[in-house]
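Heads up: the structure comes next, in structure tokens.
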Amino acid sequence: MHKGYSIPFICLFLLITSGCGTLNNGRGWGQDVLRPITLEGVGSAARNAFFDLQTLIPAAGALVFGIDDWDEKTSNWASEHNPVFGSIDDAEDSSNSLENVLLAETVITTFATPSGDDFGQWTISKLKGLGVELAAVGAATGTTELIKKRVNRWRPDGSDNESFPSGHATSAFSLSTLSNRNLDSIEMPKKLRRTFQVGNLLIATGVGWARIEGKKHYPSDVLAGAALAHFFTAFVHDAFLGLPEDDRFHFIIFPQSGGAAAQVSMVF
């Protein structure tokens, strides 16, 4: 990890690495994995993940960039001018470095979630929770790889035909979603939590843009990867980790007879 990226995460580590105590319901993070599972709960998790703005916005963006030749024009402009990262090589290096930052934070926040004071129970809960989080990332990245094999879109640099969707974007946004979910379970000031969560989304966005500047992907590749990442990661996490309702801000759009409706909710 680059030194410039390490300082905020050292601060984060110092702020939230106790990992003891319990959630608001008196249970430990990871303690209730797979228990109880209901069709209603799984369906609700899938619906909420699908209609979440972090799924819908990038999915819509991917469709928009498919209009005319916007994809190619944006990709060519970004790789020629490199407005953020300076060069194609630096963009490629930065995409890996930024992804490592998200990986580090995901690990830190996972161990910082409150899983109880008893070491034995803490260990079991962490292992179960980690299993769900690995499954969430695996579902997202595995789906992306399957789609790559079927679409066979050539990359902008012509290196291979695995451009759509972006694996780096999928991995980055999957890790961002997990970190942000973990932060919801950690006791800290709300403004600080929101700051970290917005920061995670910006870092993941940086990974995606770096892949465009690095001439490895078109914008629609990155946006599709981001949408897939959030949907599968949020769905698996929320359906199977067995956490209580938290204070996340929810804005979802769902179909209903004659059109669609939006729902905004926040626990006070």
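Ordering of the structure tokens sets the chain letters (A, B, ...); residue numbers start at 1 within each chain; ligands are numbered from 1 in the order shown.
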Residues near Gly61 of chain A, cut-off 9 Å, only C-alpha atoms, skip fewer than 5 positions along chain, as a ChimeraX atom specification: /A:56,66,219-220,223-224
File dump, residues just selected, N, CA and C atoms, as a compact mmCIF listing (two decimals), in the first residue's frame:
```txt
# COMPACT_ATOMS: atom_id res chain seq x y z
N LEU A 56 -28.91 0.81 -9.20
CA LEU A 56 -29.65 1.38 -10.33
C LEU A 56 -28.87 2.46 -11.09
N GLY A 66 -23.99 3.18 -23.75
CA GLY A 66 -24.16 2.33 -24.92
C GLY A 66 -24.80 3.05 -26.08
N PRO A 219 -16.29 2.96 -20.28
CA PRO A 219 -17.11 3.35 -19.12
C PRO A 219 -18.24 2.38 -18.81
N SER A 220 -18.90 1.84 -19.83
CA SER A 220 -20.00 0.91 -19.57
C SER A 220 -19.52 -0.37 -18.89
N LEU A 223 -19.18 0.68 -15.17
CA LEU A 223 -20.49 0.91 -14.54
C LEU A 223 -21.26 -0.38 -14.36
N ALA A 224 -21.18 -1.28 -15.33
CA ALA A 224 -21.84 -2.58 -15.18
C ALA A 224 -21.22 -3.37 -14.04
```
Nearby residues (only C-alpha atoms) at most 6 Å from segment 126-137 of chain A, same-chain spacing under 4 positions excluded, as a ChimeraX atom specification: /A:30,174,233,236
Residues flagged helix (DSSP H, G or I) by DSSP in segment 37-252 of chain A, as a PyMOL selection string: chain A and resi 39-50+53-65+70-81+88-112+119-151+167-184+190-213+219-240
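Atom CA of Leu228 of chain A is positioned 8.9 Å from atom CA of Phe173 of chain A.
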Strand (DSSP E) residues, from DSSP on the backbone, in segment 33-263 of chain A, as a count of residues only: 12
Proximity to Ser163 of chain A - best of A:Arg150, A:His237, A:Lys191, A:Arg35, only C-alpha atoms: A:Arg150
Exercise: segment 53-55 of chain A partners within 9 Å, only C-alpha atoms, chain neighbours under 2 positions left out, as a PyMOL selection string: chain A and resi 49-51+57-60+226-231+251-253
For Val207 of chain A: contacts at 8 Å, only C-alpha atoms, fewer than 2 positions along chain excluded, given as a VMD selection string: chain A and resid 94 to 96 98 to 99 168 to 169 172 203 to 205 209 to 211
